[in-house]
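data_12.cif (mmCIF, C-alpha atoms)
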data_input
loop_
_atom_site.group_PDB
_atom_site.id
_atom_site.type_symbol
_atom_site.label_atom_id
_atom_site.label_comp_id
_atom_site.auth_asym_id
_atom_site.auth_seq_id
_atom_site.Cartn_x
_atom_site.Cartn_y
_atom_site.Cartn_z
ATOM 1 C CA MET B 244 104.376 117.458 107.269
ATOM 2 C CA MET B 245 107.528 119.537 107.713
ATOM 3 C CA ALA B 246 110.343 120.537 105.374
ATOM 4 C CA THR B 247 113.726 120.100 107.070
ATOM 5 C CA GLY B 248 115.893 122.216 104.790
ATOM 6 C CA ASN B 249 118.127 119.195 104.130
ATOM 7 C CA ALA B 250 118.645 117.133 101.003
ATOM 8 C CA TRP B 251 116.654 113.873 100.926
ATOM 9 C CA GLU B 252 119.107 110.998 101.313
ATOM 10 C CA ALA B 253 117.441 108.828 98.647
ATOM 11 C CA GLN B 254 118.046 111.454 95.943
ATOM 12 C CA PRO B 255 120.109 114.296 97.484
ATOM 13 C CA GLU B 256 121.069 115.902 94.185
ATOM 14 C CA LEU B 257 117.421 116.454 93.217
ATOM 15 C CA GLN B 258 115.036 116.350 96.190
ATOM 16 C CA ASP B 259 114.687 118.174 99.492
ATOM 17 C CA GLU B 260 113.646 116.273 102.601
ATOM 18 C CA LEU B 261 110.148 116.223 104.074
ATOM 19 C CA ILE B 262 109.166 114.520 107.310
ATOM 20 C CA ILE B 263 105.589 113.292 107.604
ATOM 21 C CA GLN B 264 104.167 112.154 110.944
ATOM 22 C CA TYR B 265 101.113 109.926 111.266
ATOM 23 C CA SER B 266 98.846 109.275 114.239
ATOM 24 C CA PHE B 267 96.769 106.118 114.681
ATOM 25 C CA ASP B 268 95.960 103.376 117.172
ATOM 26 C CA SER B 269 95.523 99.618 116.818
ATOM 27 C CA ALA B 270 91.728 99.882 116.465
ATOM 28 C CA GLN B 271 92.116 102.325 113.565
ATOM 29 C CA MET B 272 94.718 100.047 111.935
ATOM 30 C CA GLN B 273 92.354 97.094 112.121
ATOM 31 C CA ARG B 274 89.346 99.038 110.781
ATOM 32 C CA ILE B 275 91.283 100.684 107.954
ATOM 33 C CA SER B 276 93.114 97.506 106.888
ATOM 34 C CA GLN B 277 89.832 95.838 105.897
ATOM 35 C CA TYR B 278 89.518 98.371 103.031
ATOM 36 C CA SER B 279 93.039 97.907 101.698
ATOM 37 C CA ILE B 280 93.232 97.451 97.931
ATOM 38 C CA ASN B 281 96.780 96.101 98.257
ATOM 39 C CA PRO B 282 96.623 93.426 100.974
ATOM 40 C CA ASP B 283 100.205 92.355 100.160
ATOM 41 C CA PHE B 284 101.361 95.752 101.444
ATOM 42 C CA ASP B 285 100.416 96.126 105.089
ATOM 43 C CA TYR B 286 103.162 98.313 106.488
ATOM 44 C CA TRP B 287 102.359 100.927 109.140
ATOM 45 C CA THR B 288 104.652 103.683 110.348
ATOM 46 C CA ARG B 289 104.358 106.728 112.585
ATOM 47 C CA LYS B 290 106.951 108.744 110.672
ATOM 48 C CA GLU B 291 108.362 108.753 107.171
ATOM 49 C CA THR B 292 111.009 110.763 105.412
ATOM 50 C CA THR B 293 110.406 111.540 101.763
ATOM 51 C CA GLY B 294 111.213 114.099 99.089
ATOM 52 C CA ILE B 295 110.020 117.190 97.283
ATOM 53 C CA ILE B 296 111.364 119.021 94.234
ATOM 54 C CA GLU B 297 111.026 122.807 94.038
ATOM 55 C CA THR B 298 112.758 124.646 91.225
ATOM 56 C CA GLY B 299 111.813 127.783 89.340
ATOM 57 C CA SER B 300 110.085 125.662 86.710
ATOM 58 C CA LYS B 301 108.687 122.693 88.647
ATOM 59 C CA THR B 302 107.168 121.678 91.979
ATOM 60 C CA TRP B 303 106.679 117.961 92.631
ATOM 61 C CA MET B 304 106.199 115.924 95.780
ATOM 62 C CA HIS B 305 105.700 112.437 97.041
ATOM 63 C CA PRO B 306 102.145 112.263 98.394
ATOM 64 C CA PHE B 307 101.232 111.013 101.856
ATOM 65 C CA ARG B 308 101.660 107.350 100.983
ATOM 66 C CA SER B 309 102.054 105.306 104.134
ATOM 67 C CA ASN B 310 99.501 103.441 106.224
ATOM 68 C CA GLN B 311 95.909 103.990 105.057
ATOM 69 C CA TYR B 312 97.186 106.382 102.389
ATOM 70 C CA ASN B 313 99.264 103.805 100.502
ATOM 71 C CA PHE B 314 97.000 103.851 97.440
ATOM 72 C CA THR B 315 98.241 107.366 96.653
ATOM 73 C CA GLU B 316 101.372 105.620 95.344
ATOM 74 C CA VAL B 317 99.394 104.542 92.271
ATOM 75 C CA ALA B 318 97.825 107.919 91.474
ATOM 76 C CA ALA B 319 99.743 110.718 89.791
ATOM 77 C CA PHE B 320 101.985 112.519 92.262
ATOM 78 C CA PRO B 321 101.261 116.214 92.849
ATOM 79 C CA SER B 322 103.260 118.062 90.195
ATOM 80 C CA VAL B 323 103.199 121.391 88.410
ATOM 81 C CA GLU B 324 105.288 122.641 85.527
ATOM 82 C CA LEU B 325 105.510 126.411 85.721
ATOM 83 C CA PRO B 326 104.269 128.776 84.512
ATOM 84 C CA LEU B 327 100.709 127.536 84.715
ATOM 85 C CA GLU B 328 97.894 128.561 82.377
ATOM 86 C CA LEU B 329 94.472 127.165 81.546
ATOM 87 C CA GLY B 330 94.666 124.196 79.192
ATOM 88 C CA LYS B 331 98.368 123.496 79.775
ATOM 89 C CA THR B 332 99.201 119.763 79.689
ATOM 90 C CA TRP B 333 102.198 117.578 80.485
ATOM 91 C CA SER B 334 102.850 113.923 81.184
ATOM 92 C CA SER B 335 105.102 111.726 83.278
ATOM 93 C CA GLY B 336 105.714 108.104 84.059
ATOM 94 C CA LEU B 337 106.579 106.186 87.188
ATOM 95 C CA SER B 338 107.996 102.722 87.615
ATOM 96 C CA ILE B 339 107.119 101.037 90.886
ATOM 97 C CA TYR B 340 109.730 98.558 92.022
ATOM 98 C CA ASP B 341 109.783 95.852 94.699
ATOM 99 C CA GLY B 342 108.379 96.591 98.119
ATOM 100 C CA TRP B 343 104.903 97.717 97.091
ATOM 101 C CA GLY B 344 103.098 94.368 97.232
ATOM 102 C CA ALA B 345 100.586 93.806 94.416
ATOM 103 C CA TRP B 346 101.778 96.998 92.659
ATOM 104 C CA ALA B 347 105.443 95.930 92.456
ATOM 105 C CA ASN B 348 106.988 96.060 88.996
ATOM 106 C CA SER B 349 104.206 98.255 87.600
ATOM 107 C CA THR B 350 104.439 101.218 85.258
ATOM 108 C CA LEU B 351 102.182 104.248 85.661
ATOM 109 C CA ASN B 352 101.456 106.689 82.842
ATOM 110 C CA ASN B 353 100.282 110.090 84.075
ATOM 111 C CA SER B 354 98.702 112.913 82.095
ATOM 112 C CA TYR B 355 98.160 116.332 83.695
ATOM 113 C CA GLU B 356 95.970 119.259 82.630
ATOM 114 C CA VAL B 357 95.324 122.680 84.164
ATOM 115 C CA VAL B 358 91.525 122.806 84.207
ATOM 116 C CA ASP B 359 90.677 125.953 86.197
ATOM 117 C CA PHE B 360 91.834 128.839 88.380
ATOM 118 C CA GLU B 361 89.676 129.014 91.508
ATOM 119 C CA VAL B 362 89.339 130.579 94.942
ATOM 120 C CA LEU B 363 89.308 127.955 97.700
ATOM 121 C CA GLU B 364 88.300 128.454 101.294
ATOM 122 C CA ALA B 365 91.141 127.402 103.585
ATOM 123 C CA GLY B 366 91.208 127.291 107.381
ATOM 124 C CA PHE B 367 93.159 130.545 107.386
ATOM 125 C CA GLY B 368 91.473 132.472 104.563
ATOM 126 C CA ASN B 369 90.534 132.268 100.905
ATOM 127 C CA LEU B 370 93.317 131.274 98.529
ATOM 128 C CA GLU B 371 93.600 131.454 94.756
ATOM 129 C CA ALA B 372 94.747 128.189 93.250
ATOM 130 C CA TRP B 373 95.264 126.417 89.956
ATOM 131 C CA HIS B 374 93.154 123.262 89.635
ATOM 132 C CA ILE B 375 95.088 120.458 87.956
ATOM 133 C CA ARG B 376 93.570 117.108 86.985
ATOM 134 C CA ALA B 377 95.900 114.164 86.602
ATOM 135 C CA ILE B 378 94.859 110.805 85.194
ATOM 136 C CA THR B 379 96.961 107.716 85.882
ATOM 137 C CA ARG B 380 96.747 104.626 83.722
ATOM 138 C CA ALA B 381 98.212 101.317 84.865
ATOM 139 C CA ASP B 382 97.643 97.659 84.041
ATOM 140 C CA PHE B 383 95.389 97.330 87.091
ATOM 141 C CA GLY B 384 93.207 100.387 86.390
ATOM 142 C CA VAL B 385 92.782 104.165 86.157
ATOM 143 C CA SER B 386 93.067 106.649 89.052
ATOM 144 C CA VAL B 387 92.185 110.359 88.977
ATOM 145 C CA HIS B 388 93.968 112.941 91.126
ATOM 146 C CA ASP B 389 92.639 116.499 91.284
ATOM 147 C CA PHE B 390 94.837 118.937 93.160
ATOM 148 C CA TRP B 391 94.969 122.667 93.709
ATOM 149 C CA TYR B 392 98.237 124.594 93.647
ATOM 150 C CA ASN B 393 98.705 128.000 95.260
ATOM 151 C CA GLU B 394 101.846 129.850 94.213
ATOM 152 C CA GLU B 395 102.697 130.821 97.812
ATOM 153 C CA TYR B 396 101.719 127.699 99.777
ATOM 154 C CA GLY B 397 102.048 124.949 97.165
ATOM 155 C CA PHE B 398 99.589 122.052 97.072
ATOM 156 C CA ILE B 399 96.663 123.155 99.232
ATOM 157 C CA ARG B 400 94.086 120.487 98.337
ATOM 158 C CA MET B 401 94.345 116.987 96.921
ATOM 159 C CA PHE B 402 91.415 114.784 95.950
ATOM 160 C CA ILE B 403 92.123 111.263 94.739
ATOM 161 C CA LYS B 404 89.746 108.668 93.344
ATOM 162 C CA ASN B 405 91.638 105.422 92.932
ATOM 163 C CA TYR B 406 91.101 102.660 90.416
ATOM 164 C CA LYS B 407 88.820 100.811 92.883
ATOM 165 C CA GLY B 408 86.578 103.849 93.420
ATOM 166 C CA GLN B 409 87.896 104.798 96.867
ATOM 167 C CA MET B 410 88.194 108.539 97.477
ATOM 168 C CA LEU B 411 90.520 110.557 99.667
ATOM 169 C CA GLN B 412 90.848 114.303 100.235
ATOM 170 C CA PHE B 413 93.631 116.289 101.906
ATOM 171 C CA ASP B 414 93.316 120.002 102.700
ATOM 172 C CA LEU B 415 95.956 122.386 103.999
ATOM 173 C CA ALA B 416 94.608 123.468 107.384
ATOM 174 C CA GLU B 417 97.464 125.449 108.877
ATOM 175 C CA VAL B 418 100.829 126.962 108.004
ATOM 176 C CA LYS B 419 103.418 127.373 110.769
ATOM 177 C CA GLY B 420 106.694 129.207 110.722
#
Please lay out the structure from this file as structure tokens.
Amino acid sequence: MMATGNAWEAQPELQDELIIQYSFDSAQMQRISQYSINPDFDYWTRKETTGIIETGSKTWMHPFRSNQYNFTEVAAFPSVELPLELGKTWSSGLSIYDGWGAWANSTLNNSYEVVDFEVLEAGFGNLEAWHIRAITRADFGVSVHDFWYNEEYGFIRMFIKNYKGQMLQFDLAEVKG
């Protein structure tokens, strides 16, 4: 994942552009596709351009949501409303439109809560981070997204358990530049 410093073309007045690159081969595609919870959405890409919002009061990003990660579309997106403190809550909604297979024309209701302030071990040292738990409710089920936000590096860990019980974890391994 790399920030380009440009505005994201889909919403240039609000979001900055991120480029995400994926690596896979046909054997991985075949193996992973058998676990898809949205068989109507079987789109694979090696590169996507998406957006992030960073203001003095909010950080929000589209998650990795292509290929085998497409179920992150129906879990709360990583988001913080600053300043953070234990017990702070906020909510958001998301309407999913055409193009997302079985999830098209769905509405997601997300509730967020700051549940802890922790020290996490990262590949390049220990980092302090706010632990936020987000719960997403939709007609098709409930997903839980725990993520950790470091004030210098942003979202450093994401753990998602989707409405079908599948789990996925992302960890920041390296910072370049």
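When the PyMOL selection byres ((chain B and resi 365) around 9) is run on the displayed coordinates, the residues it returns are Leu363, Glu364, Gly366, Phe367, Gly368, Asn369, Leu370, Ile399, Asp414, Leu415, Ala416 and Glu417 of chain B.
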Select all residues near (113.3, 113.2, 100.2) (cut-off 9 Å, inclusive, file coordinates), counting only C-alpha atoms, and output them as a VMD selection string. chain B and resid 249 to 255 257 to 262 292 to 296 304 to 305
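Within 10 Å of B:Gly299, once only C-alpha atoms are used and residues closer than 4 positions along the same chain are dropped, the contacting residues are Glu324, Leu325 and Pro326 of chain B.
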Just so the selection is clear, what residues does the PyMOL selection byres ((chain B and resi 408) around 12) cover here, as a ChimeraX atom specification? /B:278,280,314,384-388,403-407,409-411
Can you translate the PyMOL selection byres ((chain B and resi 313) around 10) into the concrete residues it hits in this file, as number ranges by chain? B: 279-281, 284-287, 306-312, 314-317, 343
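The spacing separating atom CA of B:Glu394 from atom CA of B:Gly336 amounts to 24.3 Å.
The smallest atom-to-atom distance between B:Ile378 and any of B:Glu256, B:Glu356, B:Glu328, B:Asp341, using only C-alpha atoms, is found for B:Glu356.
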For B:Tyr355, work out the shell of residues within 6 Å, counting all atoms listed in the file and skipping chain neighbours fewer than 6 positions away, then give it as a PyMOL selection string. chain B and resi 332-334+376-377
Output C-alpha atoms for every residue in the selection just made, as a PDB file, in the frame of the given file.
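Wrote it out as part.pdb, contents follow:
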ATOM      1  CA  THR B 332      99.201 119.763  79.689  1.00  0.00           C
ATOM      2  CA  TRP B 333     102.198 117.578  80.485  1.00  0.00           C
ATOM      3  CA  SER B 334     102.850 113.923  81.184  1.00  0.00           C
ATOM      4  CA  ARG B 376      93.570 117.108  86.985  1.00  0.00           C
ATOM      5  CA  ALA B 377      95.900 114.164  86.602  1.00  0.00           C
TER       6      ALA B 377
END
Write out all heavy atoms for stretch 340-351 of chain B, as a tab-separated table (two decimals), keeping the file's coordinate frame.
chain	number	residue	atom	x	y	z
B	340	TYR	N	108.85	99.72	91.88
B	340	TYR	CA	109.73	98.56	92.02
B	340	TYR	C	109.27	97.68	93.18
B	340	TYR	O	108.14	97.81	93.67
B	340	TYR	CB	111.17	99.03	92.21
B	340	TYR	CG	111.65	99.86	91.03
B	340	TYR	CD1	111.78	101.23	91.11
B	340	TYR	CD2	111.93	99.24	89.82
B	340	TYR	CE1	112.20	101.99	90.02
B	340	TYR	CE2	112.34	99.98	88.72
B	340	TYR	CZ	112.47	101.36	88.84
B	340	TYR	OH	112.87	102.09	87.75
B	341	ASP	N	110.11	96.76	93.60
B	341	ASP	CA	109.78	95.85	94.70
B	341	ASP	C	109.43	96.64	95.95
B	341	ASP	O	109.82	97.78	96.12
B	341	ASP	CB	110.97	94.93	95.00
B	341	ASP	CG	111.19	93.91	93.89
B	341	ASP	OD1	110.22	93.59	93.18
B	341	ASP	OD2	112.33	93.45	93.74
B	342	GLY	N	108.71	95.99	96.85
B	342	GLY	CA	108.38	96.59	98.12
B	342	GLY	C	106.99	97.19	98.18
B	342	GLY	O	106.59	97.68	99.23
B	343	TRP	N	106.24	97.15	97.09
B	343	TRP	CA	104.90	97.72	97.09
B	343	TRP	C	103.83	96.65	96.86
B	343	TRP	O	102.77	96.92	96.31
B	343	TRP	CB	104.79	98.84	96.06
B	343	TRP	CG	105.44	100.09	96.54
B	343	TRP	CD1	106.71	100.49	96.31
B	343	TRP	CD2	104.86	101.07	97.40
B	343	TRP	NE1	106.97	101.66	96.96
B	343	TRP	CE2	105.84	102.05	97.63
B	343	TRP	CE3	103.62	101.23	97.99
B	343	TRP	CZ2	105.61	103.17	98.45
B	343	TRP	CZ3	103.39	102.34	98.79
B	343	TRP	CH2	104.38	103.29	99.00
B	344	GLY	N	104.10	95.42	97.28
B	344	GLY	CA	103.10	94.37	97.23
B	344	GLY	C	102.57	94.12	95.83
B	344	GLY	O	103.33	93.97	94.88
B	345	ALA	N	101.24	94.13	95.68
B	345	ALA	CA	100.59	93.81	94.42
B	345	ALA	C	100.93	94.80	93.31
B	345	ALA	O	100.75	94.50	92.13
B	345	ALA	CB	99.07	93.76	94.61
B	346	TRP	N	101.44	95.99	93.66
B	346	TRP	CA	101.78	97.00	92.66
B	346	TRP	C	103.24	96.93	92.21
B	346	TRP	O	103.66	97.67	91.33
B	346	TRP	CB	101.51	98.40	93.18
B	346	TRP	CG	100.09	98.61	93.61
B	346	TRP	CD1	98.97	98.14	92.98
B	346	TRP	CD2	99.65	99.34	94.74
B	346	TRP	NE1	97.85	98.55	93.65
B	346	TRP	CE2	98.24	99.29	94.74
B	346	TRP	CE3	100.30	100.04	95.74
B	346	TRP	CZ2	97.48	99.91	95.73
B	346	TRP	CZ3	99.54	100.67	96.72
B	346	TRP	CH2	98.14	100.59	96.71
B	347	ALA	N	104.02	96.04	92.80
B	347	ALA	CA	105.44	95.93	92.46
B	347	ALA	C	105.60	95.66	90.97
B	347	ALA	O	104.79	94.96	90.35
B	347	ALA	CB	106.11	94.83	93.27
B	348	ASN	N	106.63	96.24	90.41
B	348	ASN	CA	106.99	96.06	89.00
B	348	ASN	C	105.90	96.54	88.04
B	348	ASN	O	105.66	95.95	87.00
B	348	ASN	CB	107.35	94.60	88.72
B	348	ASN	CG	108.47	94.14	89.63
B	348	ASN	OD1	109.51	94.81	89.74
B	348	ASN	ND2	108.29	93.03	90.31
B	349	SER	N	105.24	97.63	88.44
B	349	SER	CA	104.21	98.26	87.60
B	349	SER	C	104.73	99.54	86.99
B	349	SER	O	105.64	100.17	87.51
B	349	SER	CB	102.97	98.61	88.44
B	349	SER	OG	102.39	97.45	88.99
B	350	THR	N	104.12	99.94	85.89
B	350	THR	CA	104.44	101.22	85.26
B	350	THR	C	103.17	102.06	85.23
B	350	THR	O	102.11	101.57	84.84
B	350	THR	CB	104.95	101.01	83.82
B	350	THR	OG1	106.14	100.22	83.89
B	350	THR	CG2	105.26	102.34	83.15
B	351	LEU	N	103.30	103.31	85.66
B	351	LEU	CA	102.18	104.25	85.66
B	351	LEU	C	102.42	105.30	84.60
B	351	LEU	O	103.52	105.83	84.48
B	351	LEU	CB	102.05	104.94	87.02
B	351	LEU	CG	102.03	104.04	88.26
B	351	LEU	CD1	101.92	104.89	89.51
B	351	LEU	CD2	100.90	103.04	88.19
